[in-house]
$ cat start.pdb   # PDB, C-alpha atoms and all ligand atoms
ATOM      1  CA  MET R   1      -3.030  -1.970   6.432
ATOM      2  CA  TYR R   2      -0.261  -0.948   4.103
ATOM      3  CA  THR R   3       2.608  -0.920   6.530
ATOM      4  CA  LEU R   4       6.244  -0.154   6.288
ATOM      5  CA  GLY R   5       6.726  -3.894   6.047
ATOM      6  CA  ASN R   6       5.139  -3.907   2.618
ATOM      7  CA  LEU R   7       7.618  -1.336   1.445
ATOM      8  CA  ALA R   8      10.465  -3.029   3.264
ATOM      9  CA  ALA R   9       9.815  -6.194   1.298
ATOM     10  CA  LEU R  10      10.523  -4.058  -1.737
ATOM     11  CA  ALA R  11      13.591  -2.234  -0.549
ATOM     12  CA  PHE R  12      15.972  -0.295  -2.716
ATOM     13  CA  VAL R  13      18.187  -3.035  -4.106
ATOM     14  CA  GLY R  14      21.438  -1.172  -4.261
ATOM     15  CA  VAL R  15      23.790  -0.979  -7.152
ATOM     16  CA  ALA R  16      25.077  -4.263  -8.530
ATOM     17  CA  SER R  17      25.496  -5.737  -5.110
ATOM     18  CA  ALA R  18      23.666  -8.086  -2.803
ATOM     19  CA  GLN R  19      23.248  -6.138   0.386
ATOM     20  CA  SER R  20      23.130  -8.235   3.527
ATOM     21  CA  THR R  21      21.733  -5.774   6.041
ATOM     22  CA  VAL R  22      18.720  -3.544   5.419
ATOM     23  CA  GLY R  23      16.969  -1.363   7.963
ATOM     24  CA  PHE R  24      14.109   1.098   7.927
ATOM     25  CA  GLY R  25      13.713   4.179  10.060
ATOM     26  CA  PRO R  26      11.054   6.881  10.125
ATOM     27  CA  ALA R  27       8.141   6.894   7.701
ATOM     28  CA  PHE R  28       4.964   8.601   6.548
ATOM     29  CA  SER R  29       2.818   5.895   4.971
ATOM     30  CA  LEU R  30      -0.558   5.965   3.187
ATOM     31  CA  GLY R  31      -2.486   3.060   1.720
ATOM     32  CA  PRO R  32      -3.649   0.825   0.345
ATOM     33  CA  THR R  33      -6.370   2.847  -1.299
ATOM     34  CA  GLN R  34      -9.580   1.219  -2.477
ATOM     35  CA  SER R  35      -8.984   3.146  -5.701
ATOM     36  CA  TRP R  36      -5.493   3.617  -7.178
ATOM     37  CA  ILE R  37      -3.034   6.473  -7.334
ATOM     38  CA  ARG R  38      -2.916   8.330 -10.641
ATOM     39  CA  GLU R  39      -0.376  10.944  -9.671
ATOM     40  CA  ALA R  40       1.875  11.858  -6.777
ATOM     41  CA  ASN R  41       4.177  14.802  -6.315
ATOM     42  CA  THR R  42       6.413  15.780  -3.446
ATOM     43  CA  THR R  43       9.536  17.821  -2.796
ATOM     44  CA  LEU R  44      12.242  16.422  -0.545
ATOM     45  CA  VAL R  45      14.531  19.021   0.992
ATOM     46  CA  LEU R  46      17.822  17.146   1.255
ATOM     47  CA  PRO R  47      19.491  17.041   4.677
ATOM     48  CA  GLU R  48      23.227  16.624   5.177
ATOM     49  CA  THR R  49      24.454  13.134   4.277
ATOM     50  CA  PRO R  50      25.631  10.917   7.128
ATOM     51  CA  SER R  51      29.263  11.593   7.941
ATOM     52  CA  PRO R  52      31.358   9.717   7.118
ATOM     53  CA  GLN R  53      29.483   8.469   4.058
ATOM     54  CA  LYS R  54      29.191   4.696   3.911
ATOM     55  CA  ASP R  55      27.352   2.304   1.619
ATOM     56  CA  ARG R  56      24.376   3.020   1.552
ATOM     57  CA  LEU R  57      21.736   5.334   2.978
ATOM     58  CA  ALA R  58      18.654   5.998   0.881
ATOM     59  CA  LEU R  59      15.791   8.464   1.211
ATOM     60  CA  TRP R  60      12.787   7.826  -0.994
ATOM     61  CA  PRO R  61       9.079   8.421  -1.431
ATOM     62  CA  GLY R  62       7.725   5.217  -2.915
ATOM     63  CA  MET R  63       4.564   3.733  -4.369
ATOM     64  CA  GLY R  64       3.920   0.010  -4.095
ATOM     65  CA  THR R  65       1.943  -1.228  -7.091
ATOM     66  CA  SER R  66      -0.445  -4.017  -8.073
ATOM     67  CA  GLY R  67       2.329  -5.305 -10.337
ATOM     68  CA  GLY R  68       4.609  -5.881  -7.347
ATOM     69  CA  ASP R  69       6.845  -2.961  -8.293
ATOM     70  CA  LEU R  70       8.123  -0.173  -6.118
ATOM     71  CA  ILE R  71       8.240   3.167  -7.865
ATOM     72  CA  GLN R  72      10.884   4.971  -5.840
ATOM     73  CA  ALA R  73      12.821   7.995  -6.964
ATOM     74  CA  LEU R  74      15.964   7.871  -4.848
ATOM     75  CA  ALA R  75      18.370  10.074  -2.976
ATOM     76  CA  VAL R  76      21.317   7.909  -1.937
ATOM     77  CA  SER R  77      24.443   8.612   0.082
ATOM     78  CA  PHE R  78      27.278   6.376  -1.104
ATOM     79  CA  ALA R  79      30.752   5.740   0.312
ATOM     80  CA  ASP R  80      32.096   6.813  -3.082
ATOM     81  CA  PRO R  81      29.737   9.501  -4.438
ATOM     82  CA  ASP R  82      32.041  10.263  -7.349
ATOM     83  CA  ALA R  83      32.044   6.679  -8.635
ATOM     84  CA  ASN R  84      28.246   6.520  -8.512
ATOM     85  CA  CYS R  85      27.131   9.816 -10.026
ATOM     86  CA  GLY R  86      30.106  12.132 -10.189
ATOM     87  CA  ALA R  87      29.154  13.740  -6.876
ATOM     88  CA  LYS R  88      31.597  15.304  -4.456
ATOM     89  CA  SER R  89      32.127  14.134  -0.916
ATOM     90  CA  GLY R  90      29.103  15.136   1.179
ATOM     91  CA  GLN R  91      26.707  15.058  -1.766
ATOM     92  CA  TRP R  92      23.826  12.743  -2.591
ATOM     93  CA  CYS R  93      23.056  10.969  -5.865
ATOM     94  CA  VAL R  94      19.439  11.383  -7.004
ATOM     95  CA  TRP R  95      17.558   9.647  -9.794
ATOM     96  CA  ALA R  96      14.252   8.261 -11.040
ATOM     97  CA  SER R  97      13.980   4.568 -10.220
ATOM     98  CA  THR R  98      11.665   1.576 -10.106
ATOM     99  CA  LEU R  99      12.358  -1.701  -8.379
ATOM    100  CA  GLN R 100      10.957  -4.335 -10.731
ATOM    101  CA  GLY R 101      12.833  -7.435  -9.686
ATOM    102  CA  GLU R 102      15.937  -5.519 -10.669
ATOM    103  CA  GLN R 103      16.530  -1.851  -9.959
ATOM    104  CA  LEU R 104      15.697   0.197 -13.051
ATOM    105  CA  GLY R 105      16.898   3.753 -13.139
ATOM    106  CA  GLY R 106      17.223   7.003 -15.039
ATOM    107  CA  LYS R 107      20.243   9.258 -15.043
ATOM    108  CA  GLU R 108      21.951   9.674 -11.652
ATOM    109  CA  VAL R 109      22.958  13.211 -10.734
ATOM    110  CA  PRO R 110      24.626  14.882  -7.750
ATOM    111  CA  ALA R 111      22.643  17.001  -5.281
ATOM    112  CA  SER R 112      23.531  18.836  -2.101
ATOM    113  CA  ALA R 113      22.029  19.431   1.320
ATOM    114  CA  GLY R 114      19.391  22.139   1.006
ATOM    115  CA  ASP R 115      18.541  21.257  -2.587
ATOM    116  CA  GLU R 116      14.852  20.727  -3.296
ATOM    117  CA  ILE R 117      14.273  17.386  -5.017
ATOM    118  CA  THR R 118      10.823  17.167  -6.573
ATOM    119  CA  MET R 119       9.739  13.609  -7.298
ATOM    120  CA  HIS R 120       6.748  13.451  -9.620
ATOM    121  CA  TYR R 121       4.964  10.228 -10.598
ATOM    122  CA  LYS R 122       2.082  10.232 -13.072
ATOM    123  CA  PHE R 123       0.115   7.455 -14.730
ATOM    124  CA  ASN R 124       0.159   7.919 -18.496
ATOM    125  CA  ASP R 125      -3.153   6.805 -20.037
ATOM    126  CA  ASP R 126      -1.602   6.513 -23.502
ATOM    127  CA  THR R 127       1.085   4.030 -22.451
ATOM    128  CA  SER R 128      -0.370   2.645 -19.180
ATOM    129  CA  LYS R 129       3.043   3.354 -17.656
ATOM    130  CA  TYR R 130       3.994   5.545 -14.734
ATOM    131  CA  ASP R 131       6.163   8.419 -15.889
ATOM    132  CA  GLN R 132       8.627   9.613 -13.270
ATOM    133  CA  THR R 133      10.447  12.896 -13.343
ATOM    134  CA  VAL R 134      12.982  14.048 -10.775
ATOM    135  CA  PHE R 135      13.756  17.767 -10.521
ATOM    136  CA  VAL R 136      16.628  19.398  -8.656
ATOM    137  CA  ASN R 137      15.656  22.944  -7.664
ATOM    138  CA  GLY R 138      13.012  22.956 -10.407
ATOM    139  CA  GLU R 139      15.202  21.576 -13.189
ATOM    140  CA  ALA R 140      14.264  18.166 -14.629
ATOM    141  CA  VAL R 141      17.304  15.887 -14.326
ATOM    142  CA  SER R 142      16.145  12.276 -14.459
ATOM    143  CA  THR R 143      13.199  10.395 -15.947
ATOM    144  CA  LEU R 144      11.939   6.827 -16.107
ATOM    145  CA  SER R 145       8.718   5.177 -17.333
ATOM    146  CA  THR R 146       7.707   1.721 -16.172
ATOM    147  CA  SER R 147       4.789  -0.659 -16.677
ATOM    148  CA  SER R 148       4.038  -1.268 -13.039
ATOM    149  CA  GLY R 149       0.301  -1.902 -12.760
ATOM    150  CA  GLN R 150      -1.539   0.525 -10.493
ATOM    151  CA  ALA R 151      -0.129   2.207  -7.421
ATOM    152  CA  GLN R 152      -1.851   1.290  -4.190
ATOM    153  CA  GLY R 153      -0.017   3.321  -1.572
ATOM    154  CA  TRP R 154       2.473   6.121  -1.144
ATOM    155  CA  GLY R 155       5.034   6.400   1.623
ATOM    156  CA  THR R 156       8.395   7.843   2.552
ATOM    157  CA  ALA R 157      11.323   5.757   3.713
ATOM    158  CA  VAL R 158      14.728   6.138   5.323
ATOM    159  CA  GLU R 159      16.604   2.977   4.418
ATOM    160  CA  CYS R 160      20.040   1.882   5.521
ATOM    161  CA  GLN R 161      22.008  -0.891   3.903
ATOM    162  CA  ASP R 162      25.154  -2.660   5.046
ATOM    163  CA  ASP R 163      27.769  -0.256   6.440
ATOM    164  CA  SER R 164      25.252   2.587   6.860
ATOM    165  CA  CYS R 165      23.225   0.590   9.360
ATOM    166  CA  ASP R 166      25.097   2.084  12.293
ATOM    167  CA  ALA R 167      24.737   5.650  11.051
ATOM    168  CA  THR R 168      22.606   8.596  12.080
ATOM    169  CA  THR R 169      20.359  10.142   9.457
ATOM    170  CA  ALA R 170      19.505  13.794   9.767
ATOM    171  CA  ALA R 171      15.962  15.101  10.121
ATOM    172  CA  HIS R 172      14.437  16.172   6.827
ATOM    173  CA  GLU R 173      11.232  17.463   5.290
ATOM    174  CA  TYR R 174       8.930  16.754   2.367
ATOM    175  CA  LEU R 175       7.051  19.797   1.059
ATOM    176  CA  ASP R 176       3.815  20.196  -0.893
ATOM    177  CA  THR R 177       2.911  16.559  -1.266
ATOM    178  CA  THR R 178      -0.077  15.872  -3.525
ATOM    179  CA  ILE R 179      -1.598  12.453  -4.111
ATOM    180  CA  ILE R 180      -4.345  12.127  -6.706
ATOM    181  CA  LEU R 181      -6.519   9.026  -6.719
ATOM    182  CA  ASN R 182      -8.387   7.707  -9.724
ATOM    183  CA  ALA R 183     -11.671   7.899  -7.822
ATOM    184  CA  ALA R 184     -12.818   9.193  -4.464
ATOM    185  CA  ASP R 185     -11.883   6.954  -1.529
ATOM    186  CA  SER R 186     -13.202   8.142   1.830
ATOM    187  CA  THR R 187     -11.151   5.489   3.647
ATOM    188  CA  PHE R 188      -7.769   6.674   2.388
ATOM    189  CA  ALA R 189      -7.020   9.185   5.134
ATOM    190  CA  ASP R 190      -7.574   6.496   7.767
ATOM    191  CA  THR R 191      -4.665   4.483   6.375
ATOM    192  CA  LEU R 192      -2.126   7.121   7.400
ATOM    193  CA  ALA R 193       0.648   5.748   9.606
ATOM    194  CA  LEU R 194       3.428   7.898  11.056
ATOM    195  CA  THR R 195       6.674   6.490  12.452
ATOM    196  CA  GLU R 196       9.076   9.037  13.971
ATOM    197  CA  ALA R 197       7.471  11.613  11.720
ATOM    198  CA  THR R 198       4.898  14.394  11.927
ATOM    199  CA  SER R 199       2.547  15.778   9.332
ATOM    200  CA  SER R 200       0.941  19.180   8.985
ATOM    201  CA  GLY R 201      -2.260  17.277   8.222
ATOM    202  CA  LEU R 202      -3.693  15.341   5.312
ATOM    203  CA  LYS R 203      -6.272  17.503   3.562
ATOM    204  CA  THR R 204      -8.917  16.756   0.957
ATOM    205  CA  ASN R 205     -12.111  18.358  -0.293
ATOM    206  CA  ASP R 206     -13.283  15.473  -2.436
ATOM    207  CA  ASN R 207     -11.548  12.323  -1.086
ATOM    208  CA  LYS R 208      -9.724  12.158  -4.401
ATOM    209  CA  VAL R 209      -7.041  14.849  -4.276
ATOM    210  CA  TYR R 210      -5.080  14.683  -1.023
ATOM    211  CA  THR R 211      -2.468  17.210   0.034
ATOM    212  CA  VAL R 212       0.035  17.544   2.868
ATOM    213  CA  SER R 213       1.978  20.778   3.015
ATOM    214  CA  SER R 214       4.732  19.470   5.287
ATOM    215  CA  ILE R 215       5.957  16.042   6.372
ATOM    216  CA  LYS R 216       8.744  16.232   8.928
ATOM    217  CA  ILE R 217      10.910  13.133   9.285
ATOM    218  CA  GLN R 218      12.880  12.903  12.508
ATOM    219  CA  SER R 219      16.548  12.109  12.914
ATOM    220  CA  HIS R 220      17.181   8.403  13.342
ATOM    221  CA  THR R 221      20.132   6.335  14.506
ATOM    222  CA  TYR R 222      20.364   2.764  13.307
ATOM    223  CA  ASP R 223      21.843   0.065  15.463
ATOM    224  CA  LEU R 224      21.936  -3.011  13.249
TER     225      LEU R 224
HETATM  226  C1  LIG R 301       5.205  19.345  -8.114
HETATM  227  O1  LIG R 301       5.576  20.106  -6.975
HETATM  228  C2  LIG R 301       6.467  21.180  -7.272
HETATM  229  C3  LIG R 301       6.860  21.796  -5.951
HETATM  230  O2  LIG R 301       5.737  22.207  -5.228
HETATM  231  C4  LIG R 301       5.800  22.145  -8.210
HETATM  232  O3  LIG R 301       6.699  23.173  -8.541
HETATM  233  C5  LIG R 301       5.369  21.418  -9.462
HETATM  234  O4  LIG R 301       4.631  22.298 -10.297
HETATM  235  C6  LIG R 301       4.522  20.209  -9.133
HETATM  236  N1  LIG R 301       4.279  19.479 -10.359
HETATM  237  C7  LIG R 301       3.110  18.953 -10.658
HETATM  238  C8  LIG R 301       3.021  18.304 -11.990
HETATM  239  O5  LIG R 301       2.153  18.987  -9.905
END

$ encode --input "start.pdb" --output "structure tokens"
Amino acid sequence: MYTLGNLAALAFVGVASAQSTVGFGPAFSLGPTQSWIREANTTLVLPETPSPQKDRLALWPGMGTSGGDLIQALAVSFADPDANCGAKSGQWCVWASTLQGEQLGGKEVPASAGDEITMHYKFNDDTSKYDQTVFVNGEAVSTLSTSSGQAQGWGTAVECQDDSCDATTAAHEYLDTTIILNAADSTFADTLALTEATSSGLKTNDNKVYTVSSIKIQSHTYDL
């Protein structure tokens, strides 16, 4: 089964630093599929950042790939939001990102609690890359395209690093998640694993296009 452990092995690397502590909280996790994921779309409604903000707390929906990459658009709470993306205190930084040995990223922009962050990943047949686009309240703000192989699973993560690993993360929600496989896979739904999270139900008519209208991630307190 594609567990949180697989994603944890491919954690958000942080910004120009070697983090020593990494922890994972709640998750909604799907995969691996016997096919591969062509497209995934979801909208994260940002909660309040932890208070005080410390380095680093990341929320992300990620796709582990056959190339060993982690496609993971990020929402990160930093101790110094201004230095990272020009954000004010209490804001997140959001951006398109792929962990490919190093952390590749598009433009980082500020976003606030209540903002709707749409994270769209789509395989581009012309380039064989995954094109990522991150939208804040419907406006495209950050893009990235990476040669990553084929995506095998999709899952959400709440990841603490270093000083944030004694913090409490607020409950939050992912809306209108759609995952489109290359070919029908009747086993995909059975791979669903929920950790401190609930789902409105994974739906499909053809075992190829899967939708979840609401994923609710519970509050979590780290003690690392
Ligand atoms: C992704 O989801 C958002 C929010 O539901 C929606 O507005 C947008 O059209 C979707 N994009 C694609 C390409 O499916």

$ atom_distance --input "start.pdb" --atom1 "CA of Lys216 (chain R)" --atom2 "CA of Asp176 (chain R)"
11.7 Å

$ closest_residue --input "start.pdb" --among "R:Asp82, R:Glu48, R:Asp125, R:Asp55" --to "Ser112 (chain R)" --atoms "only C-alpha atoms"
R:Glu48

$ residues_around --input "start.pdb" --residues "Thr211 (chain R)" --least-positions-apart "6" --cutoff "10 Å" --atoms "all atoms listed in the file" --output "list in words"
Ala40, Asn41, Thr42, Leu175, Asp176, Thr177, Thr178, Ile179, Ile180, Ser200, Gly201, Leu202, Lys203, Thr204 and Asn205 of chain R

$ residues_near_ligand --input "start.pdb" --ligand "ligand LIG 301 (chain R)" --cutoff "12 Å" --atoms "all atoms listed in the file" --output "number ranges by chain"
R: 38-45, 116-123, 131-140, 174-180, 209, 211-214

$ residues_around --input "start.pdb" --residues "Lys208 (chain R)" --least-positions-apart "4" --cutoff "9 Å" --atoms "all atoms listed in the file" --output "JSON, numbers by chain"
{"R": [179, 180, 181, 182, 183, 184, 185, 186, 188, 204]}

$ resolve_selection --input "start.pdb" --expression "the PyMOL selection byres (((chain R and resi 21) around 9) and not hetatm)" --output "PyMOL selection string"
chain R and resi 19-20+22-23+160-163+165+224

$ residues_around --input "start.pdb" --residues "Ala79 (chain R)" --least-positions-apart "4" --cutoff "9 Å" --atoms "only C-alpha atoms" --output "mmCIF file with C-alpha atoms, keeping the file's coordinate frame"
data_model
loop_
_atom_site.group_PDB
_atom_site.id
_atom_site.type_symbol
_atom_site.label_atom_id
_atom_site.label_comp_id
_atom_site.auth_asym_id
_atom_site.auth_seq_id
_atom_site.Cartn_x
_atom_site.Cartn_y
_atom_site.Cartn_z
ATOM 1 C CA PRO R 52 31.358 9.717 7.118
ATOM 2 C CA GLN R 53 29.483 8.469 4.058
ATOM 3 C CA LYS R 54 29.191 4.696 3.911
ATOM 4 C CA ASP R 55 27.352 2.304 1.619
ATOM 5 C CA ARG R 56 24.376 3.020 1.552
ATOM 6 C CA SER R 89 32.127 14.134 -0.916
#

$ resolve_selection --input "start.pdb" --expression "the PyMOL selection byres (((chain R and resi 74) around 8) and not hetatm)" --output "count of residues only"
13

$ residues_around --input "start.pdb" --residues "region 62-69 of chain R" --least-positions-apart "5" --cutoff "7 Å" --atoms "all atoms listed in the file" --output "VMD selection string"
chain R and resid 7 98 to 100 148 to 156

$ resolve_selection --input "start.pdb" --expression "the PyMOL selection byres (((chain R and resi 106) around 8) and not hetatm)" --output "list in words"
Trp95, Ala96, Ser97, Leu104, Gly105, Lys107, Glu108, Ser142, Thr143 and Leu144 of chain R

$ atom_distance --input "start.pdb" --atom1 "CA of Ala167 (chain R)" --atom2 "CA of Ala87 (chain R)"
20.2 Å

$ residues_around --input "start.pdb" --residues "Pro26 (chain R)" --least-positions-apart "4" --cutoff "9 Å" --atoms "all atoms listed in the file" --output "list in words"
Thr156, Ala157, Val158, Glu159, Leu194, Thr195, Glu196, Ala197, Ile217, Gln218, Ser219 and His220 of chain R

$ closest_residue --input "start.pdb" --among "R:Asp115, R:Ile71, R:Ala193, R:Trp36" --to "Thr146 (chain R)" --atoms "only C-alpha atoms"
R:Ile71

$ atom_distance --input "start.pdb" --atom1 "CA of Thr198 (chain R)" --atom2 "CA of Glu173 (chain R)"
9.7 Å

$ closest_residue --input "start.pdb" --among "R:Gln34, R:Thr221, R:Thr187, R:Thr168" --to "Asn207 (chain R)" --atoms "all atoms listed in the file"
R:Thr187

$ axis_aligned_box --input "start.pdb" --around "region 196-208 of chain R" --padding-each-side "4 Å" --output "lines of an AutoDock Vina configuration file"
center_x = -2.1
center_y = 14.1
center_z = 4.8
size_x = 30.4
size_y = 18.1
size_z = 26.4

$ closest_residue --input "start.pdb" --among "R:Pro81, R:Asp190, R:Ser199, R:Ile215" --to "Pro32 (chain R)" --atoms "only C-alpha atoms"
R:Asp190

$ closest_residue --input "start.pdb" --among "R:Thr49, R:Ser128, R:Ser77, R:Thr169" --to "Gly114 (chain R)" --atoms "all atoms listed in the file"
R:Thr49

$ build_atoms --input "start.pdb" --residues "region 127-137 of chain R" --atoms "all heavy atoms" --output "short mmCIF file (atom, residue, chain, number, x, y, z; two decimals), in the frame of the given file"
data_model
loop_
_atom_site.label_atom_id
_atom_site.label_comp_id
_atom_site.auth_asym_id
_atom_site.auth_seq_id
_atom_site.Cartn_x
_atom_site.Cartn_y
_atom_site.Cartn_z
N THR R 127 0.14 5.15 -22.48
CA THR R 127 1.08 4.03 -22.45
C THR R 127 0.78 3.03 -21.32
O THR R 127 1.39 1.96 -21.28
CB THR R 127 2.51 4.56 -22.23
OG1 THR R 127 2.53 5.24 -20.96
CG2 THR R 127 2.94 5.52 -23.33
N SER R 128 -0.10 3.42 -20.40
CA SER R 128 -0.37 2.64 -19.18
C SER R 128 0.89 2.46 -18.33
O SER R 128 1.00 1.51 -17.56
CB SER R 128 -0.99 1.28 -19.49
OG SER R 128 -2.26 1.46 -20.08
N LYS R 129 1.85 3.38 -18.50
CA LYS R 129 3.04 3.35 -17.66
C LYS R 129 2.99 4.52 -16.66
O LYS R 129 2.29 5.51 -16.89
CB LYS R 129 4.31 3.51 -18.51
CG LYS R 129 4.57 2.33 -19.43
CD LYS R 129 5.86 2.54 -20.20
CE LYS R 129 6.14 1.34 -21.11
NZ LYS R 129 7.40 1.47 -21.83
N TYR R 130 3.76 4.39 -15.60
CA TYR R 130 3.99 5.54 -14.73
C TYR R 130 5.22 6.28 -15.24
O TYR R 130 6.28 5.68 -15.43
CB TYR R 130 4.21 5.11 -13.28
CG TYR R 130 2.92 4.84 -12.56
CD1 TYR R 130 2.40 3.55 -12.49
CD2 TYR R 130 2.18 5.88 -11.97
CE1 TYR R 130 1.19 3.29 -11.85
CE2 TYR R 130 0.97 5.63 -11.32
CZ TYR R 130 0.49 4.34 -11.26
OH TYR R 130 -0.70 4.09 -10.63
N ASP R 131 5.05 7.56 -15.50
CA ASP R 131 6.16 8.42 -15.89
C ASP R 131 6.69 9.11 -14.64
O ASP R 131 5.93 9.77 -13.92
CB ASP R 131 5.70 9.49 -16.89
CG ASP R 131 5.23 8.88 -18.21
OD1 ASP R 131 5.71 7.79 -18.57
OD2 ASP R 131 4.40 9.52 -18.88
N GLN R 132 7.98 8.95 -14.41
CA GLN R 132 8.63 9.61 -13.27
C GLN R 132 9.50 10.74 -13.79
O GLN R 132 10.23 10.56 -14.76
CB GLN R 132 9.60 8.68 -12.55
CG GLN R 132 9.02 7.59 -11.73
CD GLN R 132 10.13 6.80 -11.03
OE1 GLN R 132 10.98 7.35 -10.34
NE2 GLN R 132 10.11 5.50 -11.24
N THR R 133 9.48 11.84 -13.07
CA THR R 133 10.45 12.90 -13.34
C THR R 133 11.00 13.38 -12.01
O THR R 133 10.24 13.61 -11.06
CB THR R 133 9.81 14.09 -14.09
OG1 THR R 133 9.08 13.60 -15.21
CG2 THR R 133 10.87 15.07 -14.56
N VAL R 134 12.31 13.51 -11.96
CA VAL R 134 12.98 14.05 -10.78
C VAL R 134 13.56 15.41 -11.14
O VAL R 134 14.23 15.54 -12.18
CB VAL R 134 14.10 13.09 -10.29
CG1 VAL R 134 14.90 13.72 -9.15
CG2 VAL R 134 13.49 11.77 -9.86
N PHE R 135 13.28 16.40 -10.31
CA PHE R 135 13.76 17.77 -10.52
C PHE R 135 14.70 18.13 -9.37
O PHE R 135 14.43 17.79 -8.22
CB PHE R 135 12.60 18.77 -10.48
CG PHE R 135 11.50 18.54 -11.48
CD1 PHE R 135 10.53 17.57 -11.25
CD2 PHE R 135 11.42 19.31 -12.62
CE1 PHE R 135 9.50 17.36 -12.17
CE2 PHE R 135 10.39 19.11 -13.54
CZ PHE R 135 9.43 18.13 -13.32
N VAL R 136 15.79 18.81 -9.70
CA VAL R 136 16.63 19.40 -8.66
C VAL R 136 16.46 20.91 -8.74
O VAL R 136 16.76 21.51 -9.79
CB VAL R 136 18.12 19.02 -8.82
CG1 VAL R 136 18.97 19.72 -7.77
CG2 VAL R 136 18.29 17.50 -8.72
N ASN R 137 15.93 21.49 -7.71
CA ASN R 137 15.66 22.94 -7.66
C ASN R 137 14.90 23.39 -8.92
O ASN R 137 15.20 24.42 -9.52
CB ASN R 137 16.95 23.73 -7.50
CG ASN R 137 17.65 23.40 -6.19
OD1 ASN R 137 17.00 23.14 -5.18
ND2 ASN R 137 18.97 23.37 -6.20
#
